[in-house]
Amino acid sequence: MLLTNATIATLRTDDTFGLIEAGAVVLDGDRISWVGAERDLPDSYASLPVRNLDGRLVTPALIDCHTHVVFGGNRAAEFEQRLNGASYAEVAKAGGGIVSTVKATRAADPETLLADALTRVDALIAEGVTVIEVKSGYGLDQDTELKMLRVARQISAKRPVDIRTSFLGAHAVPPEFIGDPDAYIDTVCIPTLRAAHAEGLVDAVDGFCEGIAFDTAQIARIFDVARELGLPVKLHAEQLSHMGGAQLAARYGALSADHVEYTTETDAKFMAKAGTVAVLLPGAFYTLRETQSPPVEAFRTHRVPMALATDCNPGSSPLASLLLAMNMGCTLFRLTPLEALLGVTAHAANALGMTDRGRIAPGAQADLCVWDVQHPAELAYRIGFNPLHARIFRGQL
């Protein structure tokens, strides 16, 4: 297929928009075979079926690189508690937070979990998303963690979207192990990771390094097993306090360190050297009414790639709009519209270890969005508005 009469934001490897006016893209099966100005189109492509895009903007399809879309129940009551003055940590220590979702997720059957997850997935697809990372972590026992990962794998059989799974067994200490997190890691988390890997359910290993969860030494033990199994790692790091998680992630060559509000400039240097992406999650920052912003200027200075994601989850970020996350990233964290677009395309792909996504170039997978806008800055500028005209996934409209 030949797409013509388009403004194309290729997102070049020098991290510019790479805009091509009056451009064309050639799709060959599920790959891009050519992109450039229409006047330069090789004669060999002239006979292909043509779709005239009437001057619309074409970008790489969007990638949500940090979500928890598989879960049971909701936490609207905790939202009210926080509005009445309770902190996220106080809610968690009182038996709410992640542990309350664990109870609901353990009780839910796979069919219910899948049906509920698809409502959130559909909202993301409707905004042009073609890749969604999905974490476990609301089971905290072997049966439920495996159930969650199996449900996540089923999503791509039900919808035209690629799913990447992350094992997040180290998300919280379950009630039955309160006061003994090391026993939980030894008897549940690590054996479950091995079982999930043996079943082919894991693409990466994640953890929550925080005072209300696990410290760096405990996370390191899990990362050692991930390394043994040949699995990449990523980490919820420095969200509520500075625990050393960002440097730990960098030492293990992590794909990403996520949240990173309390990351320091020294941490940024470690991340830059390791090639670790900083995944910014403005939905959680907004919902929890945080005031400590990620050190965006330090990431710029040290050339740490910055991704953006929804962090879609029932507690701290009940957000299922990546377009809104782009606007939040600009408004709350002072990202530029270019940084926001790179954050949900090229840098989001890097945060998942996907080298063939996120830019428009020959050889890349043909995942594209066609937008009813004139310039890519409009994607981050508008609030509560979806200008998607068409989504192309693996070369198919």
# chains A, B, ... in the order shown; residues from 1 in each chain; ligands from 1
>>> residues_around(residues="segment 265-274 of chain A", least_positions_apart="5", cutoff="8 Å", atoms="only C-alpha atoms", output="number ranges by chain")
A: 246-247, 249-251, 253-254, 295, 298-299, 302-304
>>> write_last_selection(atoms="all heavy atoms", output="compact mmCIF listing (two decimals), in the first residue's frame")
# COMPACT_ATOMS: atom_id res chain seq x y z
N ALA A 246 17.19 3.96 41.23
CA ALA A 246 17.62 4.34 39.89
C ALA A 246 19.03 3.84 39.60
O ALA A 246 19.32 3.33 38.52
CB ALA A 246 17.53 5.85 39.71
N GLN A 247 19.93 4.00 40.58
CA GLN A 247 21.29 3.51 40.38
C GLN A 247 21.33 1.99 40.34
O GLN A 247 22.12 1.40 39.59
CB GLN A 247 22.22 4.06 41.46
CG GLN A 247 22.49 5.55 41.31
CD GLN A 247 23.62 6.03 42.19
OE1 GLN A 247 24.60 5.31 42.42
NE2 GLN A 247 23.50 7.26 42.69
N ALA A 249 18.94 0.10 39.15
CA ALA A 249 18.46 -0.23 37.81
C ALA A 249 19.58 -0.06 36.79
O ALA A 249 19.80 -0.91 35.92
CB ALA A 249 17.27 0.64 37.45
N ALA A 250 20.32 1.04 36.91
CA ALA A 250 21.40 1.29 35.96
C ALA A 250 22.49 0.22 36.07
O ALA A 250 23.04 -0.22 35.05
CB ALA A 250 21.98 2.67 36.21
N ARG A 251 22.81 -0.20 37.29
CA ARG A 251 23.85 -1.23 37.46
C ARG A 251 23.47 -2.53 36.78
O ARG A 251 24.34 -3.28 36.34
CB ARG A 251 24.12 -1.47 38.95
CG ARG A 251 24.88 -0.34 39.63
CD ARG A 251 25.56 -0.83 40.90
NE ARG A 251 24.62 -1.35 41.88
CZ ARG A 251 24.01 -0.60 42.80
NH1 ARG A 251 24.22 0.71 42.83
NH2 ARG A 251 23.19 -1.15 43.66
N GLY A 253 21.73 -2.61 34.05
CA GLY A 253 21.45 -2.33 32.65
C GLY A 253 19.97 -2.35 32.34
O GLY A 253 19.55 -2.81 31.27
N ALA A 254 19.15 -1.84 33.26
CA ALA A 254 17.70 -1.92 33.11
C ALA A 254 17.22 -1.19 31.86
O ALA A 254 17.78 -0.16 31.46
CB ALA A 254 17.02 -1.31 34.34
N PRO A 295 13.48 15.13 37.61
CA PRO A 295 14.52 16.10 37.23
C PRO A 295 14.70 16.14 35.71
O PRO A 295 15.73 15.70 35.17
CB PRO A 295 15.76 15.56 37.95
CG PRO A 295 15.55 14.08 37.96
CD PRO A 295 14.06 13.89 38.15
N ALA A 298 17.93 17.60 34.30
CA ALA A 298 19.09 16.71 34.44
C ALA A 298 19.06 15.61 33.39
O ALA A 298 20.11 15.24 32.84
CB ALA A 298 19.12 16.10 35.85
N PHE A 299 17.88 15.09 33.11
CA PHE A 299 17.77 14.07 32.06
C PHE A 299 18.16 14.66 30.71
O PHE A 299 18.83 14.00 29.90
CB PHE A 299 16.36 13.50 32.01
CG PHE A 299 15.96 12.69 33.22
CD1 PHE A 299 14.64 12.68 33.67
CD2 PHE A 299 16.89 11.94 33.91
CE1 PHE A 299 14.27 11.94 34.77
CE2 PHE A 299 16.53 11.19 35.03
CZ PHE A 299 15.21 11.20 35.46
N HIS A 302 22.07 15.19 30.57
CA HIS A 302 22.86 13.97 30.46
C HIS A 302 22.33 13.01 29.39
O HIS A 302 22.78 11.88 29.29
CB HIS A 302 22.94 13.29 31.82
CG HIS A 302 23.61 14.15 32.86
ND1 HIS A 302 24.96 14.42 32.85
CD2 HIS A 302 23.09 14.84 33.90
CE1 HIS A 302 25.25 15.22 33.85
NE2 HIS A 302 24.14 15.49 34.51
N ARG A 303 21.38 13.51 28.61
CA ARG A 303 20.85 12.77 27.46
C ARG A 303 20.26 11.42 27.87
O ARG A 303 20.52 10.38 27.25
CB ARG A 303 21.91 12.61 26.37
CG ARG A 303 22.44 13.94 25.86
CD ARG A 303 23.40 13.78 24.68
NE ARG A 303 22.71 13.22 23.52
CZ ARG A 303 21.94 13.92 22.69
NH1 ARG A 303 21.73 15.22 22.90
NH2 ARG A 303 21.39 13.33 21.66
N VAL A 304 19.47 11.45 28.93
CA VAL A 304 18.69 10.27 29.33
C VAL A 304 17.38 10.30 28.55
O VAL A 304 16.61 11.27 28.66
CB VAL A 304 18.40 10.28 30.84
CG1 VAL A 304 17.52 9.09 31.22
CG2 VAL A 304 19.69 10.27 31.63
>>> residues_around(residues="Ser166 of chain A", least_positions_apart="6", cutoff="7 Å", atoms="only C-alpha atoms", output="list in words")
Val134, Lys135, Ser136, Val202, Asp203, Ala204, Val205 and Asp206 of chain A
>>> select_by_dssp(residues="segment 175-328 of chain A", states="strand (DSSP E or B)", output="number ranges by chain")
A: 204-209, 214, 233-237, 256-259, 277-280, 306-308
>>> write_last_selection(atoms="N, CA and C atoms", output="mmCIF file, in the first residue's frame")
data_model
loop_
_atom_site.group_PDB
_atom_site.id
_atom_site.type_symbol
_atom_site.label_atom_id
_atom_site.label_comp_id
_atom_site.auth_asym_id
_atom_site.auth_seq_id
_atom_site.Cartn_x
_atom_site.Cartn_y
_atom_site.Cartn_z
ATOM 1 N N ALA A 204 9.835 -9.235 30.665
ATOM 2 C CA ALA A 204 10.762 -8.456 31.492
ATOM 3 C C ALA A 204 10.378 -8.639 32.954
ATOM 4 N N VAL A 205 11.284 -8.244 33.847
ATOM 5 C CA VAL A 205 11.067 -8.361 35.295
ATOM 6 C C VAL A 205 11.126 -6.970 35.906
ATOM 7 N N ASP A 206 10.133 -6.659 36.730
ATOM 8 C CA ASP A 206 9.988 -5.341 37.345
ATOM 9 C C ASP A 206 9.950 -5.502 38.859
ATOM 10 N N GLY A 207 10.044 -4.395 39.561
ATOM 11 C CA GLY A 207 9.919 -4.389 41.012
ATOM 12 C C GLY A 207 9.543 -2.996 41.486
ATOM 13 N N PHE A 208 9.107 -2.910 42.743
ATOM 14 C CA PHE A 208 8.743 -1.622 43.354
ATOM 15 C C PHE A 208 9.731 -1.376 44.477
ATOM 16 N N CYS A 209 10.693 -0.495 44.230
ATOM 17 C CA CYS A 209 11.735 -0.189 45.211
ATOM 18 C C CYS A 209 11.308 1.057 45.964
ATOM 19 N N PHE A 214 9.908 -2.760 48.716
ATOM 20 C CA PHE A 214 11.141 -3.541 48.844
ATOM 21 C C PHE A 214 12.358 -2.632 48.709
ATOM 22 N N VAL A 233 15.387 -6.238 32.801
ATOM 23 C CA VAL A 233 14.729 -5.729 34.005
ATOM 24 C C VAL A 233 14.349 -4.266 33.821
ATOM 25 N N LYS A 234 13.399 -3.825 34.654
ATOM 26 C CA LYS A 234 12.983 -2.432 34.760
ATOM 27 C C LYS A 234 12.562 -2.232 36.208
ATOM 28 N N LEU A 235 12.344 -0.997 36.635
ATOM 29 C CA LEU A 235 12.114 -0.799 38.062
ATOM 30 C C LEU A 235 11.275 0.440 38.332
ATOM 31 N N HIS A 236 10.260 0.279 39.216
ATOM 32 C CA HIS A 236 9.606 1.432 39.839
ATOM 33 C C HIS A 236 10.614 2.021 40.821
ATOM 34 N N ALA A 237 11.127 3.217 40.520
ATOM 35 C CA ALA A 237 12.245 3.750 41.309
ATOM 36 C C ALA A 237 12.013 5.201 41.694
ATOM 37 N N SER A 256 14.457 0.398 31.799
ATOM 38 C CA SER A 256 13.891 1.670 32.254
ATOM 39 C C SER A 256 13.876 1.747 33.766
ATOM 40 N N ALA A 257 13.867 2.987 34.259
ATOM 41 C CA ALA A 257 13.534 3.295 35.647
ATOM 42 C C ALA A 257 12.314 4.201 35.578
ATOM 43 N N ASP A 258 11.254 3.852 36.297
ATOM 44 C CA ASP A 258 9.949 4.472 36.102
ATOM 45 C C ASP A 258 9.505 5.252 37.337
ATOM 46 N N HIS A 259 8.789 6.324 37.104
ATOM 47 C CA HIS A 259 8.361 7.336 38.084
ATOM 48 C C HIS A 259 9.477 8.368 38.270
ATOM 49 N N VAL A 277 16.155 4.102 30.168
ATOM 50 C CA VAL A 277 15.163 5.124 29.858
ATOM 51 C C VAL A 277 14.473 5.572 31.148
ATOM 52 N N ALA A 278 14.237 6.869 31.282
ATOM 53 C CA ALA A 278 13.425 7.400 32.380
ATOM 54 C C ALA A 278 11.971 7.436 31.914
ATOM 55 N N VAL A 279 11.117 6.629 32.527
ATOM 56 C CA VAL A 279 9.694 6.611 32.170
ATOM 57 C C VAL A 279 8.942 7.517 33.139
ATOM 58 N N LEU A 280 8.409 8.608 32.622
ATOM 59 C CA LEU A 280 7.685 9.582 33.434
ATOM 60 C C LEU A 280 6.200 9.234 33.433
ATOM 61 N N MET A 306 13.619 10.084 27.672
ATOM 62 C CA MET A 306 12.441 10.164 28.534
ATOM 63 C C MET A 306 11.223 9.624 27.801
ATOM 64 N N ALA A 307 10.596 8.612 28.383
ATOM 65 C CA ALA A 307 9.340 8.067 27.863
ATOM 66 C C ALA A 307 8.186 8.568 28.732
ATOM 67 N N LEU A 308 6.988 8.479 28.187
ATOM 68 C CA LEU A 308 5.764 8.804 28.913
ATOM 69 C C LEU A 308 4.827 7.614 28.830
#
>>> residues_around(residues="segment 178-188 of chain A", least_positions_apart="2", cutoff="10 Å", atoms="only C-alpha atoms", output="tab-separated table (two decimals) with N, CA and C atoms, in the first residue's frame")
chain	number	residue	atom	x	y	z
A	140	LEU	N	0.48	-11.63	44.00
A	140	LEU	CA	1.39	-11.83	45.13
A	140	LEU	C	1.27	-13.23	45.71
A	141	ASP	N	0.72	-14.14	44.94
A	141	ASP	CA	0.85	-15.58	45.17
A	141	ASP	C	1.03	-16.20	43.79
A	142	GLN	N	1.52	-17.43	43.76
A	142	GLN	CA	1.89	-18.00	42.45
A	142	GLN	C	0.69	-18.15	41.53
A	169	GLY	N	6.20	-9.44	40.58
A	169	GLY	CA	5.93	-10.13	41.84
A	169	GLY	C	6.38	-9.32	43.04
A	170	ALA	N	7.42	-8.50	42.87
A	170	ALA	CA	7.91	-7.65	43.96
A	170	ALA	C	7.21	-6.29	43.89
A	172	ALA	N	4.44	-5.54	46.24
A	172	ALA	CA	4.10	-5.24	47.63
A	172	ALA	C	4.26	-6.53	48.44
A	173	VAL	N	4.33	-6.39	49.75
A	173	VAL	CA	4.37	-7.56	50.63
A	173	VAL	C	2.94	-7.96	50.93
A	174	PRO	N	2.52	-9.17	50.59
A	174	PRO	CA	1.13	-9.57	50.84
A	174	PRO	C	0.85	-9.73	52.32
A	175	PRO	N	-0.43	-9.69	52.71
A	175	PRO	CA	-0.77	-9.74	54.15
A	175	PRO	C	-0.17	-10.93	54.87
A	176	GLU	N	-0.10	-12.06	54.20
A	176	GLU	CA	0.39	-13.26	54.87
A	176	GLU	C	1.90	-13.23	55.13
A	190	ILE	N	10.38	-15.41	43.81
A	190	ILE	CA	11.35	-16.02	42.91
A	190	ILE	C	10.85	-17.33	42.31
A	191	PRO	N	10.25	-18.24	43.10
A	191	PRO	CA	9.69	-19.45	42.47
A	191	PRO	C	8.62	-19.14	41.43
A	192	THR	N	7.82	-18.10	41.66
A	192	THR	CA	6.79	-17.74	40.69
A	192	THR	C	7.41	-17.18	39.42
A	193	LEU	N	8.45	-16.39	39.57
A	193	LEU	CA	9.17	-15.89	38.39
A	193	LEU	C	9.69	-17.06	37.55
A	213	ALA	N	7.51	-0.94	50.11
A	213	ALA	CA	7.58	-2.17	49.32
A	213	ALA	C	8.90	-2.89	49.60
A	214	PHE	N	9.91	-2.76	48.72
A	214	PHE	CA	11.14	-3.54	48.84
A	214	PHE	C	12.36	-2.63	48.71
A	215	ASP	N	13.43	-3.00	49.42
A	215	ASP	CA	14.65	-2.20	49.35
A	215	ASP	C	15.55	-2.70	48.22
A	217	ALA	N	18.48	-4.17	48.18
A	217	ALA	CA	19.07	-5.50	48.33
A	217	ALA	C	18.07	-6.57	47.96
A	218	GLN	N	16.82	-6.38	48.36
A	218	GLN	CA	15.78	-7.37	48.02
A	218	GLN	C	15.50	-7.39	46.52
A	219	ILE	N	15.42	-6.21	45.91
A	219	ILE	CA	15.20	-6.15	44.47
A	219	ILE	C	16.38	-6.78	43.73
A	221	ARG	N	18.21	-9.25	44.52
A	221	ARG	CA	18.12	-10.72	44.51
A	221	ARG	C	17.19	-11.19	43.39
A	222	ILE	N	16.12	-10.46	43.17
A	222	ILE	CA	15.19	-10.83	42.10
A	222	ILE	C	15.84	-10.56	40.74
>>> residues_around(residues="Ala320 of chain A", least_positions_apart="2", cutoff="9 Å", atoms="only C-alpha atoms", output="PyMOL selection string")
chain A and resi 69+120-121+123-124+310-313+317-318+322+324-325
>>> closest_residue(among="A:Ile155, A:Asn5, A:Pro314, A:Phe17", to="Gly72 of chain A", atoms="only C-alpha atoms")
A:Pro314
>>> residues_around(residues="segment 353-362 of chain A", least_positions_apart="3", cutoff="10 Å", atoms="only C-alpha atoms", output="ChimeraX atom specification")
/A:8-13,15,17-18,25-28,31-36,58-63,130-131,164,203-204,232,254-256,341-350,365-368
>>> closest_residue(among="A:Glu78, A:Glu261, A:Glu290, A:Asp109", to="Gly315 of chain A", atoms="only C-alpha atoms")
A:Glu78
>>> atom_distance(atom1="atom CA of Thr331 of chain A", atom2="atom CA of Asn386 of chain A")
17.8 Å
>>> select_by_dssp(residues="segment 173-354 of chain A", states="alpha helix (DSSP H)", output="MDAnalysis selection string")
chainID A and resid 181:184 190:198 216:229 245:251 265:274 282:287 296:301 322:333 337:343 346:351
>>> residues_around(residues="segment 374-383 of chain A", least_positions_apart="3", cutoff="8 Å", atoms="only C-alpha atoms", output="PyMOL selection string")
chain A and resi 7+9+55-57+323-324+326-327+330+337-338+340-341+387
>>> atom_distance(atom1="atom CA of Glu38 of chain A", atom2="atom CA of Gln396 of chain A")
21.0 Å
>>> residues_around(residues="Leu388 of chain A", least_positions_apart="4", cutoff="9 Å", atoms="only C-alpha atoms", output="PyMOL selection string")
chain A and resi 126-128+369-373
>>> closest_residue(among="A:Phe79, A:Phe71, A:Tyr88, A:Phe177", to="Thr144 of chain A", atoms="only C-alpha atoms")
A:Phe71
>>> closest_residue(among="A:Thr291, A:Pro110, A:Met1, A:Asp143", to="Pro49 of chain A", atoms="only C-alpha atoms")
A:Met1
>>> closest_residue(among="A:Thr276, A:Thr165, A:Thr105, A:Ser241", to="Ser293 of chain A", atoms="only C-alpha atoms")
A:Ser241
>>> closest_residue(among="A:Val161, A:Ala364, A:Ala46, A:Leu288", to="Leu240 of chain A", atoms="only C-alpha atoms")
A:Leu288
